[in-house]
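Undergrad: I'm passing along run_5.txt; it holds compact mmCIF, C-alpha atoms.
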# COMPACT_ATOMS: atom_id res chain seq x y z
CA MET A 28 -12.16 8.06 -44.36
CA ASN A 29 -15.39 8.31 -46.34
CA TRP A 30 -18.25 10.76 -45.87
CA SER A 31 -20.67 8.53 -44.00
CA GLU A 32 -17.93 7.68 -41.51
CA PHE A 33 -17.15 11.35 -41.20
CA ILE A 34 -20.80 12.21 -40.47
CA HIS A 35 -21.08 9.26 -38.07
CA MET A 36 -18.09 10.47 -35.97
CA GLY A 37 -17.58 7.05 -34.40
CA GLY A 38 -21.09 7.10 -32.98
CA TYR A 39 -20.84 10.61 -31.56
CA GLY A 40 -22.21 12.34 -34.69
CA PHE A 41 -25.20 13.89 -32.92
CA TYR A 42 -23.09 15.42 -30.15
CA VAL A 43 -20.25 16.58 -32.39
CA TRP A 44 -22.42 18.08 -35.14
CA SER A 45 -24.80 19.71 -32.68
CA SER A 46 -21.79 21.45 -31.14
CA TYR A 47 -20.39 22.63 -34.46
CA GLY A 48 -23.85 23.62 -35.69
CA LEU A 49 -24.53 25.68 -32.60
CA ALA A 50 -21.12 27.34 -32.89
CA LEU A 51 -21.93 28.29 -36.49
CA LEU A 52 -25.29 29.65 -35.39
CA VAL A 53 -23.71 31.76 -32.62
CA LEU A 54 -21.08 33.15 -35.01
CA LEU A 55 -23.64 33.97 -37.72
CA LEU A 56 -26.09 35.59 -35.30
CA ASN A 57 -23.41 37.82 -33.78
CA LEU A 58 -22.48 38.91 -37.29
CA TYR A 59 -26.06 39.44 -38.46
CA LEU A 60 -27.13 41.58 -35.49
CA PRO A 61 -24.61 44.44 -35.97
CA LEU A 62 -25.21 44.37 -39.75
CA ARG A 63 -28.95 44.77 -39.24
CA ARG A 64 -28.36 47.43 -36.58
CA ARG A 65 -26.14 49.34 -39.02
CA LYS A 66 -28.99 49.49 -41.52
CA THR A 67 -31.44 50.68 -38.85
CA VAL A 68 -29.06 53.29 -37.43
CA ARG A 69 -28.34 54.70 -40.89
CA ARG A 70 -32.03 54.87 -41.74
CA LEU A 71 -32.89 56.58 -38.43
CA LEU A 72 -29.99 59.01 -38.77
CA HIS A 73 -31.06 60.07 -42.26
CA GLU A 74 -34.54 60.69 -40.88
CA PHE A 75 -33.13 62.54 -37.86
CA LEU A 76 -30.90 64.77 -39.98
CA ARG A 77 -33.75 65.49 -42.42
CA LEU A 78 -36.04 66.59 -39.56
CA LYS A 79 -33.26 68.69 -38.06
CA GLU A 80 -32.79 70.40 -41.42
CA GLN A 81 -36.51 71.16 -41.65
CA THR A 82 -36.84 72.63 -38.15
CA ARG A 83 -33.80 74.84 -38.54
CA MET B 20 -3.14 61.14 -21.79
CA GLN B 21 -3.72 63.68 -24.57
CA TYR B 22 -2.73 61.02 -27.11
CA MET B 23 -5.26 58.66 -25.66
CA HIS B 24 -7.94 61.26 -26.16
CA LYS B 25 -6.91 61.85 -29.74
CA TYR B 26 -6.94 58.18 -30.70
CA ALA B 27 -9.97 57.58 -28.53
CA SER B 28 -11.95 60.37 -30.21
CA PRO B 29 -15.09 58.79 -31.67
CA LYS B 30 -14.57 60.30 -35.11
CA PHE B 31 -10.99 59.05 -35.41
CA PHE B 32 -11.94 55.64 -34.09
CA TYR B 33 -14.93 55.32 -36.42
CA THR B 34 -12.67 55.70 -39.47
CA LEU B 35 -9.94 53.47 -38.03
CA ALA B 36 -12.42 50.72 -37.12
CA GLY B 37 -13.92 50.90 -40.61
CA LYS B 38 -10.51 50.26 -42.13
CA LEU B 39 -9.58 47.50 -39.67
CA THR B 40 -12.83 45.50 -39.80
CA PRO B 41 -12.36 43.83 -43.24
CA TRP B 42 -8.80 42.76 -42.34
CA MET B 43 -9.93 41.39 -39.01
CA ALA B 44 -12.76 39.52 -40.73
CA ALA B 45 -10.37 38.05 -43.32
CA LEU B 46 -7.94 36.93 -40.61
CA THR B 47 -10.82 35.39 -38.66
CA THR B 48 -11.92 33.41 -41.72
CA VAL B 49 -8.42 32.11 -42.45
CA LEU B 50 -7.85 31.06 -38.83
CA LEU B 51 -11.23 29.35 -38.49
CA VAL B 52 -10.97 27.50 -41.81
CA ALA B 53 -7.46 26.28 -40.93
CA GLY B 54 -8.59 25.32 -37.43
CA LEU B 55 -11.62 23.43 -38.71
CA TYR B 56 -9.57 21.62 -41.32
CA LEU B 57 -6.93 20.49 -38.83
CA GLY B 58 -9.52 19.75 -36.15
CA LEU B 59 -11.93 17.72 -38.27
CA PHE B 60 -9.73 16.13 -40.94
CA VAL B 61 -6.14 15.98 -39.70
CA ALA B 62 -6.21 15.44 -35.93
CA PRO B 63 -6.53 11.73 -35.08
CA ALA B 64 -9.29 10.29 -32.89
CA ASP B 65 -8.56 10.30 -29.16
CA TYR B 66 -7.56 6.89 -27.78
CA GLN B 67 -10.00 7.24 -24.86
CA GLN B 68 -12.76 9.53 -26.08
CA GLY B 69 -12.87 8.53 -29.74
CA GLU B 70 -14.26 11.20 -32.05
CA SER B 71 -16.30 12.94 -29.35
CA TYR B 72 -13.28 14.96 -28.20
CA ARG B 73 -13.58 17.06 -31.40
CA ILE B 74 -16.23 19.01 -29.49
CA MET B 75 -13.25 20.41 -27.54
CA PHE B 76 -12.18 22.45 -30.58
CA ILE B 77 -15.35 24.47 -30.03
CA HIS B 78 -15.81 24.08 -26.30
CA VAL B 79 -12.37 25.09 -25.05
CA PRO B 80 -11.98 28.20 -27.27
CA ALA B 81 -15.55 29.26 -26.40
CA ALA B 82 -14.83 28.87 -22.68
CA TRP B 83 -11.59 30.83 -23.01
CA MET B 84 -13.45 33.56 -24.90
CA SER B 85 -16.16 33.72 -22.24
CA MET B 86 -13.50 34.66 -19.68
CA PHE B 87 -11.33 36.78 -21.99
CA ILE B 88 -14.29 38.92 -23.07
CA TYR B 89 -15.40 39.34 -19.47
CA VAL B 90 -11.94 40.61 -18.48
CA CYS B 91 -11.98 42.98 -21.50
CA MET B 92 -15.41 44.21 -20.47
CA ALA B 93 -14.46 44.80 -16.83
CA GLY B 94 -11.10 46.34 -17.79
CA ALA B 95 -12.62 48.72 -20.34
CA GLY B 96 -15.35 49.56 -17.82
CA ALA B 97 -12.73 50.43 -15.21
CA ILE B 98 -10.83 52.66 -17.66
CA ALA B 99 -14.09 54.38 -18.58
CA LEU B 100 -14.91 54.91 -14.90
CA VAL B 101 -11.52 56.38 -14.01
CA TRP B 102 -10.71 58.48 -17.10
CA ASN B 103 -14.20 58.95 -18.41
CA VAL B 104 -13.33 57.82 -21.94
CA LYS B 105 -16.50 57.30 -23.98
CA LEU B 106 -14.90 54.85 -26.35
CA PHE B 107 -13.99 52.39 -23.60
CA GLU B 108 -17.49 52.76 -22.24
CA MET B 109 -18.90 51.71 -25.61
CA PHE B 110 -16.41 48.86 -25.94
CA ALA B 111 -17.39 47.50 -22.51
CA GLY B 112 -21.08 47.64 -23.32
CA ASN B 113 -20.61 45.86 -26.64
CA CYS B 114 -18.55 43.06 -25.07
CA ALA B 115 -21.51 41.81 -23.05
CA PRO B 116 -23.78 40.22 -25.70
CA VAL B 117 -20.86 38.60 -27.54
CA GLY B 118 -19.39 37.33 -24.27
CA ALA B 119 -22.75 35.99 -23.16
CA SER B 120 -23.15 34.06 -26.40
CA PHE B 121 -19.69 32.48 -26.08
CA THR B 122 -20.51 31.53 -22.47
CA PHE B 123 -23.73 29.96 -23.69
CA LEU B 124 -21.80 28.09 -26.39
CA ALA B 125 -19.26 26.84 -23.82
CA LEU B 126 -22.02 25.62 -21.51
CA VAL B 127 -24.04 23.84 -24.21
CA THR B 128 -21.07 22.23 -25.96
CA GLY B 129 -19.85 21.11 -22.53
CA SER B 130 -23.22 19.48 -22.02
CA LEU B 131 -23.07 17.85 -25.44
CA TRP B 132 -19.71 16.37 -24.54
CA GLY B 133 -20.70 15.49 -20.97
CA LYS B 134 -23.69 13.40 -21.98
CA PRO B 135 -21.76 10.70 -23.88
CA MET B 136 -18.61 10.95 -21.74
CA TRP B 137 -19.89 11.41 -18.18
CA GLY B 138 -23.39 10.10 -18.80
CA ALA B 139 -24.93 13.38 -17.63
CA TRP B 140 -25.87 16.64 -19.37
CA TRP B 141 -25.06 18.61 -16.25
CA ALA B 142 -23.39 18.26 -12.87
CA TRP B 143 -23.21 20.83 -10.08
CA ASP B 144 -19.46 20.77 -10.23
CA ALA B 145 -17.40 23.85 -9.30
CA ARG B 146 -16.20 24.53 -12.88
CA LEU B 147 -19.65 24.18 -14.42
CA THR B 148 -21.37 26.18 -11.69
CA SER B 149 -18.89 29.07 -11.83
CA GLU B 150 -19.23 29.18 -15.64
CA LEU B 151 -23.01 29.32 -15.23
CA ILE B 152 -22.56 32.22 -12.78
CA LEU B 153 -20.47 33.95 -15.46
CA PHE B 154 -23.41 33.61 -17.85
CA PHE B 155 -25.73 35.17 -15.26
CA LEU B 156 -23.22 38.00 -14.71
CA TYR B 157 -23.36 38.83 -18.42
CA ILE B 158 -27.17 38.71 -18.35
CA GLY B 159 -27.24 40.89 -15.22
CA TYR B 160 -24.85 43.36 -16.83
CA MET B 161 -27.03 43.68 -19.93
CA ALA B 162 -30.23 43.95 -17.88
CA LEU B 163 -28.76 46.69 -15.70
CA GLU B 164 -27.43 48.58 -18.71
CA ALA B 165 -30.80 48.36 -20.47
CA SER B 166 -32.72 49.49 -17.38
CA ILE B 167 -31.06 52.94 -17.22
CA ASP B 168 -32.03 55.39 -19.94
CA ASP B 169 -29.01 57.68 -19.91
CA PRO B 170 -26.25 55.71 -21.70
CA ARG B 171 -23.45 57.26 -19.66
CA ARG B 172 -25.07 56.54 -16.30
CA ALA B 173 -25.97 53.05 -17.52
CA ALA B 174 -22.34 52.41 -18.47
CA ARG B 175 -21.09 53.55 -15.04
CA ALA B 176 -23.50 51.37 -13.10
CA SER B 177 -22.86 48.29 -15.23
CA ALA B 178 -19.07 48.84 -15.11
CA ILE B 179 -19.24 48.60 -11.32
CA LEU B 180 -21.23 45.37 -11.60
CA ALA B 181 -18.68 43.97 -14.05
CA LEU B 182 -15.81 44.87 -11.69
CA VAL B 183 -17.45 43.15 -8.74
CA GLY B 184 -18.10 40.07 -10.87
CA VAL B 185 -14.46 39.83 -11.92
CA VAL B 186 -13.73 37.75 -8.78
CA ASN B 187 -15.53 34.92 -10.56
CA ILE B 188 -12.83 34.70 -13.25
CA PRO B 189 -10.04 33.26 -11.04
CA VAL B 190 -12.68 31.05 -9.43
CA ILE B 191 -13.50 29.56 -12.85
CA HIS B 192 -9.85 29.17 -13.75
CA PHE B 193 -8.70 27.56 -10.49
CA SER B 194 -11.92 25.67 -9.74
CA VAL B 195 -10.44 22.47 -11.16
CA GLU B 196 -7.52 22.75 -8.71
CA TRP B 197 -9.31 24.07 -5.63
CA TRP B 198 -12.12 21.56 -5.66
CA ASN B 199 -12.30 17.93 -6.57
CA THR B 200 -14.28 18.49 -9.75
CA LEU B 201 -15.77 16.16 -12.30
CA HIS B 202 -14.44 18.57 -14.93
CA GLN B 203 -10.93 17.61 -15.95
CA PRO B 204 -7.99 19.85 -14.95
CA ALA B 205 -6.21 22.15 -17.41
CA SER B 206 -4.07 20.46 -20.03
CA VAL B 207 -2.98 23.42 -22.16
CA THR B 208 -2.20 26.17 -19.64
CA LYS B 209 -0.47 23.72 -17.31
CA MET B 210 3.02 24.69 -16.15
CA GLY B 211 5.76 23.25 -18.35
CA THR B 212 4.82 21.43 -21.51
CA PRO B 213 1.14 21.06 -22.31
CA SER B 214 -0.06 17.48 -22.00
CA ILE B 215 -1.69 17.46 -25.41
CA HIS B 216 -0.36 16.25 -28.73
CA PRO B 217 0.67 18.96 -31.26
CA SER B 218 -1.81 17.61 -33.85
CA MET B 219 -4.61 18.38 -31.37
CA LEU B 220 -3.05 21.52 -29.90
CA ALA B 221 -2.70 23.23 -33.30
CA PRO B 222 -6.43 23.26 -34.17
CA LEU B 223 -7.26 24.25 -30.59
CA LEU B 224 -4.99 27.30 -30.77
CA LEU B 225 -6.11 28.20 -34.30
CA MET B 226 -9.77 28.07 -33.29
CA SER B 227 -9.02 30.15 -30.19
CA LEU B 228 -7.22 32.80 -32.23
CA GLY B 229 -10.03 32.70 -34.78
CA PHE B 230 -12.64 33.28 -32.07
CA THR B 231 -10.52 36.11 -30.64
CA PHE B 232 -10.33 37.94 -33.97
CA TYR B 233 -14.00 37.20 -34.57
CA PHE B 234 -14.75 38.92 -31.28
CA PHE B 235 -12.70 41.98 -32.26
CA THR B 236 -14.40 42.07 -35.67
CA VAL B 237 -17.94 42.11 -34.30
CA ALA B 238 -16.97 44.41 -31.41
CA LEU B 239 -15.66 46.97 -33.93
CA MET B 240 -18.83 46.63 -36.02
CA ARG B 241 -21.00 47.16 -32.95
CA MET B 242 -18.94 50.13 -31.78
CA ARG B 243 -19.21 51.84 -35.15
CA ASN B 244 -23.00 51.62 -34.94
CA GLU B 245 -23.03 53.01 -31.43
CA ILE B 246 -20.66 55.85 -32.30
CA LEU B 247 -22.95 57.00 -35.12
CA GLU B 248 -25.93 56.81 -32.81
CA ARG B 249 -24.33 58.68 -29.91
CA GLU B 250 -22.63 61.30 -32.08
CA ARG B 251 -25.71 62.08 -34.18
CA HIS B 252 -25.66 65.73 -33.10
CA THR B 253 -22.13 66.33 -34.38
CA THR B 254 -21.26 67.85 -37.73
CA TRP B 255 -18.93 65.02 -38.75
CA VAL B 256 -21.78 62.50 -38.60
CA ALA B 257 -24.01 64.83 -40.60
CA GLN B 258 -21.26 65.25 -43.20
CA LEU B 259 -20.53 61.54 -43.29
CA LEU B 260 -24.15 60.62 -43.94
CA GLY B 261 -24.72 63.58 -46.23
CA SER B 262 -21.85 62.60 -48.48
CA LYS B 263 -23.11 59.05 -48.90
CA SER B 264 -26.83 59.68 -49.40
As a first step, turn the structure in this file into structure tokens.

TA:
Amino acid sequence: MNWSEFIHMGGYGFYVWSSYGLALLVLLLNLYLPLRRRKTVRRLLHEFLRLKEQTR
Amino acid sequence: MQYMHKYASPKFFYTLAGKLTPWMAALTTVLLVAGLYLGLFVAPADYQQGESYRIMFIHVPAAWMSMFIYVCMAGAGAIALVWNVKLFEMFAGNCAPVGASFTFLALVTGSLWGKPMWGAWWAWDARLTSELILFFLYIGYMALEASIDDPRRAARASAILALVGVVNIPVIHFSVEWWNTLHQPASVTKMGTPSIHPSMLAPLLLMSLGFTFYFFTVALMRMRNEILERERHTTWVAQLLGSKS
């Protein structure tokens, strides 16, 4: 099997690769969201703890 | 019960989840790479569907996950309701967005397979309709949770919604038997030997396991974020952040 045949998928290339592409997108997005949230939470917590320290 | 509270203490769980996450992520990667390799390069073309059936290596695991995550969500919600364990409450809440995205993936990949095979993107068939209802249940769960400010009250209300919606799970599973559906009946979970060749079954199971561990990986990541947020008033969080800043 060569590459162009592989991409062609017996004429179903569009359907097959759209499915795999979407799956990749879903997996990456669900990974990215908690990573970004982690950054935000840590930043907000540092701020929160700093303010708490000041008002004590 | 006292053991449950020890292991379910947010501080203990935060540390445990932090240690488990990289291993879970590594296992996910191995399973998915092996599944993709076997599914795309080793498994032969189907004698009826040609190469299009390779969509099944995404579609079937995604559909299984959509139901598995829902059951996890409803089960954890029930435990949180009965024993009032915060950790299960957080787990339930963090299941919803991941479950919704797998349901979406199952629906769209089903469409992408249906178009060339059935000649239609969509049909109001019992299996497809009940899976669409599952998607709306996830959306409803998230909307309800987001509409209540107090996280604990939000978790209780949405847990009840999730428990009511659980009746949809057997409906999805048995829809292909109860009704004369366009969707084909089960070939893997059928009683006796599965009517699918090992070269096609192997990637299907590997992808399913990969998705399962992926779900646990991201669920742990999400829970760690929520624990920090909810426990911000405690000294252990202050110490944790203080030591790393």

Undergrad: What does the distance from CA of Thr128 in chain B to CA of Pro61 in chain A come to in Å, to one decimal?

TA: 24.6 Å

Undergrad: Do me a favour and pick out the residues of chain B within 9 Å of chain A, using only C-alpha atoms, as a PDB file with C-alpha atoms, in the frame of the given file.

TA:
ATOM      1  CA  LEU B  59     -11.930  17.720 -38.270  1.00  0.00           C
ATOM      2  CA  PHE B  60      -9.730  16.130 -40.940  1.00  0.00           C
ATOM      3  CA  GLY B  69     -12.870   8.530 -29.740  1.00  0.00           C
ATOM      4  CA  GLU B  70     -14.260  11.200 -32.050  1.00  0.00           C
ATOM      5  CA  SER B  71     -16.300  12.940 -29.350  1.00  0.00           C
ATOM      6  CA  TYR B  72     -13.280  14.960 -28.200  1.00  0.00           C
ATOM      7  CA  ARG B  73     -13.580  17.060 -31.400  1.00  0.00           C
ATOM      8  CA  ILE B  74     -16.230  19.010 -29.490  1.00  0.00           C
ATOM      9  CA  ILE B  77     -15.350  24.470 -30.030  1.00  0.00           C
ATOM     10  CA  HIS B  78     -15.810  24.080 -26.300  1.00  0.00           C
ATOM     11  CA  ALA B  81     -15.550  29.260 -26.400  1.00  0.00           C
ATOM     12  CA  PRO B 116     -23.780  40.220 -25.700  1.00  0.00           C
ATOM     13  CA  VAL B 117     -20.860  38.600 -27.540  1.00  0.00           C
ATOM     14  CA  SER B 120     -23.150  34.060 -26.400  1.00  0.00           C
ATOM     15  CA  PHE B 121     -19.690  32.480 -26.080  1.00  0.00           C
ATOM     16  CA  LEU B 124     -21.800  28.090 -26.390  1.00  0.00           C
ATOM     17  CA  VAL B 127     -24.040  23.840 -24.210  1.00  0.00           C
ATOM     18  CA  THR B 128     -21.070  22.230 -25.960  1.00  0.00           C
ATOM     19  CA  GLY B 129     -19.850  21.110 -22.530  1.00  0.00           C
ATOM     20  CA  LEU B 131     -23.070  17.850 -25.440  1.00  0.00           C
ATOM     21  CA  TRP B 132     -19.710  16.370 -24.540  1.00  0.00           C
ATOM     22  CA  LYS B 134     -23.690  13.400 -21.980  1.00  0.00           C
ATOM     23  CA  PRO B 135     -21.760  10.700 -23.880  1.00  0.00           C
ATOM     24  CA  PHE B 230     -12.640  33.280 -32.070  1.00  0.00           C
ATOM     25  CA  TYR B 233     -14.000  37.200 -34.570  1.00  0.00           C
ATOM     26  CA  THR B 236     -14.400  42.070 -35.670  1.00  0.00           C
ATOM     27  CA  VAL B 237     -17.940  42.110 -34.300  1.00  0.00           C
ATOM     28  CA  ALA B 238     -16.970  44.410 -31.410  1.00  0.00           C
ATOM     29  CA  MET B 240     -18.830  46.630 -36.020  1.00  0.00           C
ATOM     30  CA  ARG B 241     -21.000  47.160 -32.950  1.00  0.00           C
ATOM     31  CA  ARG B 243     -19.210  51.840 -35.150  1.00  0.00           C
ATOM     32  CA  ASN B 244     -23.000  51.620 -34.940  1.00  0.00           C
ATOM     33  CA  GLU B 245     -23.030  53.010 -31.430  1.00  0.00           C
ATOM     34  CA  LEU B 247     -22.950  57.000 -35.120  1.00  0.00           C
ATOM     35  CA  GLU B 248     -25.930  56.810 -32.810  1.00  0.00           C
ATOM     36  CA  ARG B 251     -25.710  62.080 -34.180  1.00  0.00           C
ATOM     37  CA  HIS B 252     -25.660  65.730 -33.100  1.00  0.00           C
ATOM     38  CA  VAL B 256     -21.780  62.500 -38.600  1.00  0.00           C
ATOM     39  CA  ALA B 257     -24.010  64.830 -40.600  1.00  0.00           C
ATOM     40  CA  LEU B 260     -24.150  60.620 -43.940  1.00  0.00           C
ATOM     41  CA  GLY B 261     -24.720  63.580 -46.230  1.00  0.00           C
ATOM     42  CA  SER B 264     -26.830  59.680 -49.400  1.00  0.00           C
TER      43      SER B 264
END

Undergrad: Figure out the distance between CA of His202 in chain B and CA of Ser149 in chain B, please, to one decimal in Å.

TA: 11.8 Å

Undergrad: One decimal, Å: what's the distance from CA of Lys105 in chain B over to CA of Ser28 in chain B, could you say?

TA: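 Result for CA of Lys105 in chain B versus CA of Ser28 in chain B: 8.3 Å, one decimal.
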
Undergrad: If you take every atom of range 245-259 of chain B that the file lists and fit an axis-aligned box around them with 8 Å extra on each side, what centre and edge lengths come out in Å to one decimal, as AutoDock Vina command-line options?

TA:
--center_x -22.4 --center_y 60.4 --center_z -36.6 --size_x 23.0 --size_y 30.8 --size_z 29.4

Undergrad: Scan for residues within 12 Å of the point (-15.0, 57.2, -23.5) in the coordinates of the file, using all atoms listed in the file, and reply as a ChimeraX atom specification.

TA: /B:23-29,32,95-112,170-171,174-175,242,246,249

Undergrad: Could you list, as a compact mmCIF listing (two decimals) with C-alpha atoms, in the frame of the given file, every residue within 8 Å of range 38-54 of chain B, counting all atoms listed in the file and ignoring same-chain residues fewer than 3 positions away?

TA:
# COMPACT_ATOMS: atom_id res chain seq x y z
CA THR B 34 -12.67 55.70 -39.47
CA LEU B 35 -9.94 53.47 -38.03
CA LEU B 57 -6.93 20.49 -38.83
CA GLY B 58 -9.52 19.75 -36.15
CA ALA B 221 -2.70 23.23 -33.30
CA PRO B 222 -6.43 23.26 -34.17
CA LEU B 223 -7.26 24.25 -30.59
CA LEU B 224 -4.99 27.30 -30.77
CA LEU B 225 -6.11 28.20 -34.30
CA MET B 226 -9.77 28.07 -33.29
CA LEU B 228 -7.22 32.80 -32.23
CA GLY B 229 -10.03 32.70 -34.78
CA PHE B 230 -12.64 33.28 -32.07
CA PHE B 232 -10.33 37.94 -33.97
CA TYR B 233 -14.00 37.20 -34.57
CA PHE B 235 -12.70 41.98 -32.26
CA THR B 236 -14.40 42.07 -35.67
CA LEU B 239 -15.66 46.97 -33.93
CA MET B 240 -18.83 46.63 -36.02

Undergrad: Taking 4 positions as the minimum chain separation for residues in the same chain, which residues sit within 9 Å of Cys114 in chain B when counting all atoms listed in the file? Answer as a ChimeraX atom specification.

TA: /B:88-89,91-92,109-110,118-119,234,238
